[in-house]
>>> print(open('query_26.cif').read())   # mmCIF, C-alpha atoms
data_work
loop_
_atom_site.label_atom_id
_atom_site.label_comp_id
_atom_site.auth_asym_id
_atom_site.auth_seq_id
_atom_site.Cartn_x
_atom_site.Cartn_y
_atom_site.Cartn_z
CA MET Z 283 -20.66 -38.48 10.67
CA SER Z 284 -18.22 -36.02 12.23
CA ALA Z 285 -15.56 -34.33 10.12
CA PRO Z 286 -12.04 -35.73 10.46
CA ALA Z 287 -9.86 -33.69 12.79
CA LEU Z 288 -6.75 -32.05 11.44
CA SER Z 289 -3.51 -33.56 12.58
CA SER Z 290 -0.84 -31.42 14.21
CA SER Z 291 1.27 -31.59 11.05
CA ASP Z 292 -1.64 -30.44 8.89
CA SER Z 293 -2.42 -27.54 11.21
CA GLY Z 294 1.26 -26.54 11.23
CA GLU Z 295 1.33 -26.55 7.44
CA ALA Z 296 -1.82 -24.39 7.38
CA PHE Z 297 -0.29 -21.86 9.76
CA ALA Z 298 2.94 -21.86 7.73
CA SER Z 299 1.10 -21.26 4.46
CA ASP Z 300 -0.93 -18.46 6.05
CA ALA Z 301 2.23 -16.79 7.38
CA ALA Z 302 3.83 -17.12 3.96
CA ALA Z 303 0.80 -15.54 2.29
CA GLN Z 304 0.89 -12.64 4.75
CA ALA Z 305 4.60 -12.16 4.13
CA ASP Z 306 4.03 -12.16 0.36
CA PHE Z 307 1.22 -9.62 0.76
CA ALA Z 308 3.40 -7.36 2.91
CA ALA Z 309 6.26 -7.60 0.42
CA ALA Z 310 3.92 -6.74 -2.46
CA ALA Z 311 2.59 -3.75 -0.51
CA ARG Z 312 6.12 -2.50 0.18
CA LEU Z 313 7.03 -2.94 -3.49
CA ALA Z 314 3.94 -0.99 -4.56
CA GLY Z 315 4.82 1.77 -2.08
CA TRP Z 316 8.35 2.10 -3.39
CA ARG Z 317 7.01 2.01 -6.95
CA ARG Z 318 4.67 4.94 -6.22
CA ARG Z 319 7.59 6.91 -4.77
CA LEU Z 320 10.29 6.09 -7.31
CA LEU Z 321 8.32 6.33 -10.56
CA PRO Z 322 7.58 10.09 -10.25
CA PHE Z 323 11.18 10.69 -9.16
CA GLY Z 324 12.49 8.75 -12.16
CA ALA Z 325 10.14 10.57 -14.53
CA ALA Z 326 11.33 13.93 -13.17
CA ILE Z 327 14.98 12.94 -13.65
CA LEU Z 328 14.23 11.83 -17.22
CA LEU Z 329 12.52 15.13 -18.04
CA LEU Z 330 15.43 17.12 -16.60
CA VAL Z 331 17.94 15.11 -18.67
CA LEU Z 332 15.88 15.64 -21.84
CA TRP Z 333 15.62 19.36 -21.02
CA GLN Z 334 19.39 19.65 -20.54
CA LEU Z 335 20.10 17.76 -23.78
CA SER Z 336 17.62 19.89 -25.73
CA VAL Z 337 19.27 23.11 -24.58
CA VAL Z 338 22.73 21.82 -25.50
CA VAL Z 339 21.84 20.12 -28.79
CA PHE Z 340 19.61 22.88 -30.18
CA GLN Z 341 21.75 25.66 -28.67
CA ILE Z 342 18.78 27.42 -27.08
CA ARG Z 343 19.71 30.84 -25.78
CA PRO Z 344 19.68 31.18 -21.99
CA PHE Z 345 17.17 34.06 -21.91
CA ILE Z 346 14.66 31.85 -23.78
CA ALA Z 347 15.06 28.58 -21.90
CA PRO Z 348 17.96 28.12 -19.46
CA ALA Z 349 19.46 24.73 -18.80
CA PRO Z 350 18.49 22.93 -15.57
CA THR Z 351 22.08 23.29 -14.41
CA ALA Z 352 21.83 27.08 -14.78
CA VAL Z 353 18.60 27.08 -12.78
CA ALA Z 354 20.23 24.96 -10.07
CA ILE Z 355 23.21 27.35 -9.89
CA THR Z 356 20.82 30.31 -9.57
CA LEU Z 357 18.90 28.52 -6.82
CA TYR Z 358 22.15 28.07 -4.92
CA ASN Z 359 23.53 31.59 -5.48
CA GLN Z 360 20.24 33.47 -5.01
CA LEU Z 361 18.74 31.32 -2.26
CA GLY Z 362 18.66 34.21 0.24
CA ILE Z 363 16.76 36.48 -2.15
CA LEU Z 364 14.36 33.68 -3.09
CA LEU Z 365 13.56 32.81 0.52
CA SER Z 366 13.13 36.44 1.55
CA ASN Z 367 10.59 36.87 -1.25
CA LEU Z 368 8.92 33.55 -0.43
CA LEU Z 369 8.09 34.66 3.12
CA PRO Z 370 5.46 37.32 2.24
CA THR Z 371 3.90 34.99 -0.31
CA MET Z 372 3.62 32.28 2.35
CA ILE Z 373 1.95 34.69 4.76
CA GLU Z 374 -0.52 35.88 2.12
CA ALA Z 375 -1.34 32.36 0.93
CA ILE Z 376 -1.83 30.90 4.41
CA ALA Z 377 -3.89 33.88 5.57
CA GLY Z 378 -6.03 33.71 2.43
CA PHE Z 379 -6.41 29.96 2.89
CA VAL Z 380 -7.67 30.41 6.46
CA VAL Z 381 -9.99 33.33 5.67
CA GLY Z 382 -11.44 31.87 2.48
CA ASN Z 383 -12.07 28.39 3.85
CA SER Z 384 -13.47 29.68 7.15
CA ALA Z 385 -15.95 31.86 5.27
CA ALA Z 386 -16.88 28.97 2.98
CA ILE Z 387 -17.48 26.59 5.91
CA LEU Z 388 -19.63 29.18 7.69
CA LEU Z 389 -21.69 29.94 4.60
CA ALA Z 390 -22.10 26.23 3.80
CA THR Z 391 -23.46 25.68 7.31
CA ILE Z 392 -25.97 28.50 6.77
CA PHE Z 393 -26.98 27.00 3.41
CA VAL Z 394 -27.67 23.61 4.99
CA TYR Z 395 -29.96 25.02 7.65
CA GLN Z 396 -31.46 27.88 5.61
CA ARG Z 397 -32.59 26.72 2.19
CA THR Z 398 -33.77 30.24 1.29
CA ALA Z 399 -30.26 31.62 1.84
CA GLU Z 400 -28.81 28.96 -0.46
CA GLU Z 401 -31.37 29.68 -3.19
CA ALA Z 402 -30.58 33.38 -2.95
CA PHE Z 403 -26.79 33.44 -2.65
CA PHE Z 404 -25.45 30.21 -4.18
CA PRO Z 405 -26.15 31.33 -7.78
CA LEU Z 406 -24.31 34.57 -7.01
CA ALA Z 407 -21.32 32.58 -5.75
CA VAL Z 408 -21.35 30.54 -8.96
CA MET Z 409 -21.47 33.68 -11.10
CA PHE Z 410 -18.60 35.27 -9.16
CA HIS Z 411 -16.54 32.09 -9.53
CA THR Z 412 -16.79 32.35 -13.33
CA ILE Z 413 -14.93 35.70 -13.28
CA PRO Z 414 -11.20 35.19 -14.02
CA VAL Z 415 -8.95 36.08 -11.12
CA MET Z 416 -7.01 38.52 -13.31
CA ALA Z 417 -10.25 40.46 -13.84
CA TYR Z 418 -11.17 41.10 -10.21
CA ALA Z 419 -7.62 41.29 -8.81
CA PRO Z 420 -7.11 44.93 -9.92
CA ILE Z 421 -10.52 45.84 -8.46
CA LEU Z 422 -9.55 44.43 -5.07
CA VAL Z 423 -6.24 46.29 -5.20
CA LEU Z 424 -8.12 49.53 -5.87
CA LEU Z 425 -10.56 48.85 -3.04
CA LEU Z 426 -8.14 47.53 -0.41
CA GLY Z 427 -4.91 49.18 -1.43
CA ASN Z 428 -1.59 47.68 -2.47
CA GLY Z 429 -0.80 46.11 0.89
CA LEU Z 430 -1.30 42.72 2.48
CA GLU Z 431 -5.11 42.95 2.57
CA ALA Z 432 -5.60 42.81 -1.21
CA LYS Z 433 -3.33 39.77 -1.64
CA VAL Z 434 -5.06 37.91 1.20
CA ALA Z 435 -8.48 38.75 -0.28
CA ILE Z 436 -7.47 37.43 -3.72
CA ALA Z 437 -6.07 34.23 -2.21
CA ALA Z 438 -9.23 33.82 -0.10
CA LEU Z 439 -11.61 34.31 -3.02
CA ILE Z 440 -9.78 31.92 -5.31
CA CYS Z 441 -10.10 29.03 -2.82
CA PHE Z 442 -13.55 29.97 -1.49
CA PHE Z 443 -15.85 28.33 -4.04
CA PRO Z 444 -14.50 24.71 -4.06
CA THR Z 445 -14.75 24.57 -0.28
CA LEU Z 446 -18.26 26.05 -0.31
CA VAL Z 447 -19.51 23.42 -2.78
CA ASN Z 448 -17.81 20.46 -1.10
CA MET Z 449 -18.73 21.51 2.42
CA THR Z 450 -22.38 22.04 1.51
CA ARG Z 451 -22.49 18.61 -0.07
CA GLY Z 452 -20.66 17.02 2.85
CA LEU Z 453 -22.94 18.50 5.50
CA ARG Z 454 -25.89 17.02 3.62
CA ALA Z 455 -24.22 13.59 3.20
CA VAL Z 456 -26.25 12.03 6.02
CA THR Z 457 -28.85 9.35 5.55
CA PRO Z 458 -32.39 9.52 6.95
CA GLN Z 459 -31.56 6.47 9.06
CA GLN Z 460 -28.67 8.31 10.71
CA MET Z 461 -30.86 11.32 11.44
CA GLU Z 462 -33.57 9.11 12.89
CA LEU Z 463 -31.05 7.36 15.13
CA MET Z 464 -29.82 10.70 16.48
CA ARG Z 465 -33.41 11.73 17.25
CA ILE Z 466 -34.06 8.43 19.02
CA LEU Z 467 -30.98 9.09 21.14
CA SER Z 468 -32.40 12.55 21.98
CA ALA Z 469 -29.41 14.31 20.45
CA SER Z 470 -29.47 18.09 20.53
CA PRO Z 471 -29.11 20.12 17.30
CA SER Z 472 -25.51 20.96 18.21
CA GLU Z 473 -24.73 17.27 18.78
CA ILE Z 474 -26.33 16.35 15.46
CA PHE Z 475 -24.17 18.96 13.74
CA LEU Z 476 -20.88 18.14 15.47
CA LYS Z 477 -21.14 14.35 15.71
CA LEU Z 478 -23.03 13.58 12.51
CA ARG Z 479 -23.07 16.32 9.90
CA LEU Z 480 -19.59 17.70 10.54
CA LYS Z 481 -17.99 14.27 10.72
CA SER Z 482 -19.66 13.12 7.51
CA SER Z 483 -18.43 16.29 5.78
CA LEU Z 484 -14.75 15.85 6.65
CA PRO Z 485 -13.80 13.75 3.58
CA TYR Z 486 -15.45 16.36 1.33
CA LEU Z 487 -13.83 19.19 3.27
CA PHE Z 488 -10.31 17.81 3.03
CA SER Z 489 -10.74 17.21 -0.70
CA ALA Z 490 -11.53 20.91 -1.06
CA LEU Z 491 -8.72 21.96 1.28
CA LYS Z 492 -6.15 20.11 -0.82
CA ILE Z 493 -7.33 22.06 -3.87
CA ALA Z 494 -7.34 25.30 -1.87
CA SER Z 495 -3.79 24.72 -0.62
CA ALA Z 496 -2.54 25.10 -4.19
CA THR Z 497 -4.97 27.75 -5.41
CA SER Z 498 -4.30 30.01 -2.43
CA VAL Z 499 -0.63 30.17 -3.45
CA ILE Z 500 -1.70 31.01 -7.00
CA GLY Z 501 -3.96 33.76 -5.69
CA ALA Z 502 -1.18 35.27 -3.58
CA ILE Z 503 1.23 35.27 -6.53
CA VAL Z 504 -1.37 36.82 -8.86
CA GLY Z 505 -2.03 39.52 -6.27
CA GLU Z 506 1.69 40.31 -6.16
CA TRP Z 507 1.77 40.85 -9.91
CA ILE Z 508 -0.19 44.11 -9.46
CA GLY Z 509 2.16 46.67 -7.98
CA ALA Z 510 3.92 44.60 -5.30
CA THR Z 511 7.63 45.08 -4.66
CA THR Z 512 8.26 41.87 -2.70
CA GLY Z 513 7.04 38.32 -2.97
CA ILE Z 514 7.32 35.46 -5.44
CA GLY Z 515 4.93 37.17 -7.86
CA ALA Z 516 6.89 40.42 -7.82
CA LEU Z 517 10.16 38.54 -8.33
CA ILE Z 518 8.64 36.71 -11.32
CA ILE Z 519 7.71 40.05 -12.93
CA GLN Z 520 11.16 41.53 -12.25
CA ALA Z 521 12.97 38.50 -13.68
CA THR Z 522 10.74 38.51 -16.75
CA TYR Z 523 11.32 42.21 -17.53
CA ASN Z 524 15.07 41.78 -17.01
CA PHE Z 525 15.17 38.68 -19.26
CA ASN Z 526 16.75 36.80 -16.36
CA SER Z 527 15.35 33.39 -17.25
CA PRO Z 528 17.42 31.37 -14.74
CA LEU Z 529 16.08 33.52 -11.89
CA LEU Z 530 12.55 33.30 -13.35
CA TYR Z 531 12.68 29.50 -13.42
CA ALA Z 532 14.28 29.35 -9.98
CA THR Z 533 11.49 31.54 -8.58
CA ILE Z 534 8.87 29.26 -10.10
CA VAL Z 535 10.60 26.23 -8.58
CA VAL Z 536 10.60 27.81 -5.11
CA GLY Z 537 6.91 28.74 -5.37
CA SER Z 538 6.03 25.24 -6.61
CA LEU Z 539 7.95 23.59 -3.78
CA PHE Z 540 6.06 25.66 -1.21
CA SER Z 541 2.74 24.80 -2.87
CA ALA Z 542 3.66 21.10 -2.87
CA ALA Z 543 4.69 21.27 0.79
CA PHE Z 544 1.41 22.99 1.68
CA PHE Z 545 -0.50 20.28 -0.19
CA GLY Z 546 1.50 17.58 1.59
CA LEU Z 547 0.68 19.09 4.98
CA ILE Z 548 -3.05 19.05 4.24
CA SER Z 549 -2.78 15.47 2.99
CA TRP Z 550 -1.03 14.45 6.22
CA LEU Z 551 -3.73 16.15 8.29
CA GLU Z 552 -6.34 14.31 6.24
CA ARG Z 553 -4.77 10.94 7.01
CA TYR Z 554 -4.45 11.89 10.69
CA PHE Z 555 -8.03 13.06 11.20
CA LEU Z 556 -9.69 10.52 8.89
CA LYS Z 557 -8.24 7.32 10.26
CA TRP Z 558 -11.81 6.04 10.56
CA ASN Z 559 -12.40 6.51 6.83
CA VAL Z 560 -11.37 3.32 5.04
CA SER Z 561 -11.35 5.02 1.64
CA GLN Z 562 -8.68 7.45 2.87
CA THR Z 563 -6.53 5.15 4.96
CA GLY Z 564 -6.70 2.09 2.76
#
>>> encode(input="query_26.cif", output="structure tokens")
Amino acid sequence: MSAPALSSSDSGEAFASDAAAQADFAAAARLAGWRRRLLPFGAAILLLVLWQLSVVVFQIRPFIAPAPTAVAITLYNQLGILLSNLLPTMIEAIAGFVVGNSAAILLATIFVYQRTAEEAFFPLAVMFHTIPVMAYAPILVLLLGNGLEAKVAIAALICFFPTLVNMTRGLRAVTPQQMELMRILSASPSEIFLKLRLKSSLPYLFSALKIASATSVIGAIVGEWIGATTGIGALIIQATYNFNSPLLYATIVVGSLFSAAFFGLISWLERYFLKWNVSQTG
């Protein structure tokens, strides 16, 4: 017995219900998107209000903890000084980011193809990573001088290890079936690396790059604490010694905003280059 055919009215109702379900799903997705954007903004506003009230109610002295309004006024009045000191920090952080991650990607590639090199040098990288940045920063300043090179080296070293670990793992994140398929297709070693290993490593790489985008800024600021006369780190030291808390907080805000913008840029690049990765685009 054949199944009864749907009437035109039934099929119209089915299409209408499907369209309504899609509209409800789209509305729920938009609501979730706005929720993700507004909740952090609302939490930040709440914290600022509580901070302002605490300073007023408990009469906290400005050199201990300035009010948010005082920090905002300093940001407005000292914006030129803050931006002029942000520029060298940006250069140092970006240069360190490029140098450190490039070296990590190159070494991870060597580790994947040369197991002996990994067994020899990876433990040394782990041991070096356990050294606090404040311990080896003065050594690098003594070796490289008090110029740009030392700050770039500190920023590079502080973001080197996460990228090395993630990139090594990502380059190895290929299945035997994928390797066998590439051999069946007579792929060359360079094609296997570029089209299989490198592509499979991109999610791991971008996870490390997002971490490095923040740590490279930290490394540049730490490097500026040791004898620098310009930069966000140097301005932090000057404001601290002068008990100028509004300027100190304003400097921290400017450095944090740059770090957040750098992180946002890497996140945007991740979404752009990993459109094929459902876990990233979903």
>>> residues_near_point(input="query_26.cif", point="(-15.4, 18.4, 1.9)", cutoff="7 Å", atoms="only C-alpha atoms", output="MDAnalysis selection string")
chainID Z and resid 445 448:449 452 483:490
>>> residues_near_point(input="query_26.cif", point="(16.7, 36.5, -20.9)", cutoff="6 Å", atoms="only C-alpha atoms", output="list of chain:residue names")
Z:Phe345, Z:Ile346, Z:Phe525, Z:Asn526, Z:Ser527
>>> residues_around(input="query_26.cif", residues="Ile518 of chain Z", least_positions_apart="6", cutoff="10 Å", atoms="only C-alpha atoms", output="CSV table (one decimal) with C-alpha atoms, in the frame of the given file")
chain,number,residue,atom,x,y,z
Z,503,ILE,CA,1.2,35.3,-6.5
Z,506,GLU,CA,1.7,40.3,-6.2
Z,507,TRP,CA,1.8,40.8,-9.9
Z,524,ASN,CA,15.1,41.8,-17.0
Z,526,ASN,CA,16.8,36.8,-16.4
Z,527,SER,CA,15.4,33.4,-17.2
Z,529,LEU,CA,16.1,33.5,-11.9
Z,530,LEU,CA,12.6,33.3,-13.4
Z,531,TYR,CA,12.7,29.5,-13.4
Z,532,ALA,CA,14.3,29.4,-10.0
Z,533,THR,CA,11.5,31.5,-8.6
Z,534,ILE,CA,8.9,29.3,-10.1
>>> resolve_selection(input="query_26.cif", expression="the PyMOL selection byres ((chain Z and resi 375) around 10)", output="ChimeraX atom specification")
/Z:369-374,376-381,433-438,494-503,541,544
>>> closest_residue(input="query_26.cif", among="Z:Leu491, Z:Val394, Z:Phe443, Z:Leu547", to="Leu406 of chain Z", atoms="all atoms listed in the file")
Z:Phe443
>>> resolve_selection(input="query_26.cif", expression="the PyMOL selection byres ((chain Z and resi 480) around 10)", output="list in words")
Thr391, Met449, Gly452, Leu453, Arg454, Ala455, Val456, Glu473, Ile474, Phe475, Leu476, Lys477, Leu478, Arg479, Lys481, Ser482, Ser483, Leu484, Pro485 and Leu487 of chain Z
>>> closest_residue(input="query_26.cif", among="Z:Gly505, Z:Gln460, Z:Ala305, Z:Ile440", to="Leu426 of chain Z", atoms="all atoms listed in the file")
Z:Gly505
>>> closest_residue(input="query_26.cif", among="Z:Leu330, Z:Ala402, Z:Leu313, Z:Ala543", to="Ala354 of chain Z", atoms="only C-alpha atoms")
Z:Leu330
>>> closest_residue(input="query_26.cif", among="Z:Ala399, Z:Phe540, Z:Pro414, Z:Ser366", to="Gly513 of chain Z", atoms="only C-alpha atoms")
Z:Ser366
>>> closest_residue(input="query_26.cif", among="Z:Ala352, Z:Ile392, Z:Ala325, Z:Ala419", to="Glu431 of chain Z", atoms="only C-alpha atoms")
Z:Ala419
>>> atom_distance(input="query_26.cif", atom1="atom CA of Thr412 of chain Z", atom2="atom CA of Leu425 of chain Z")
20.4 Å
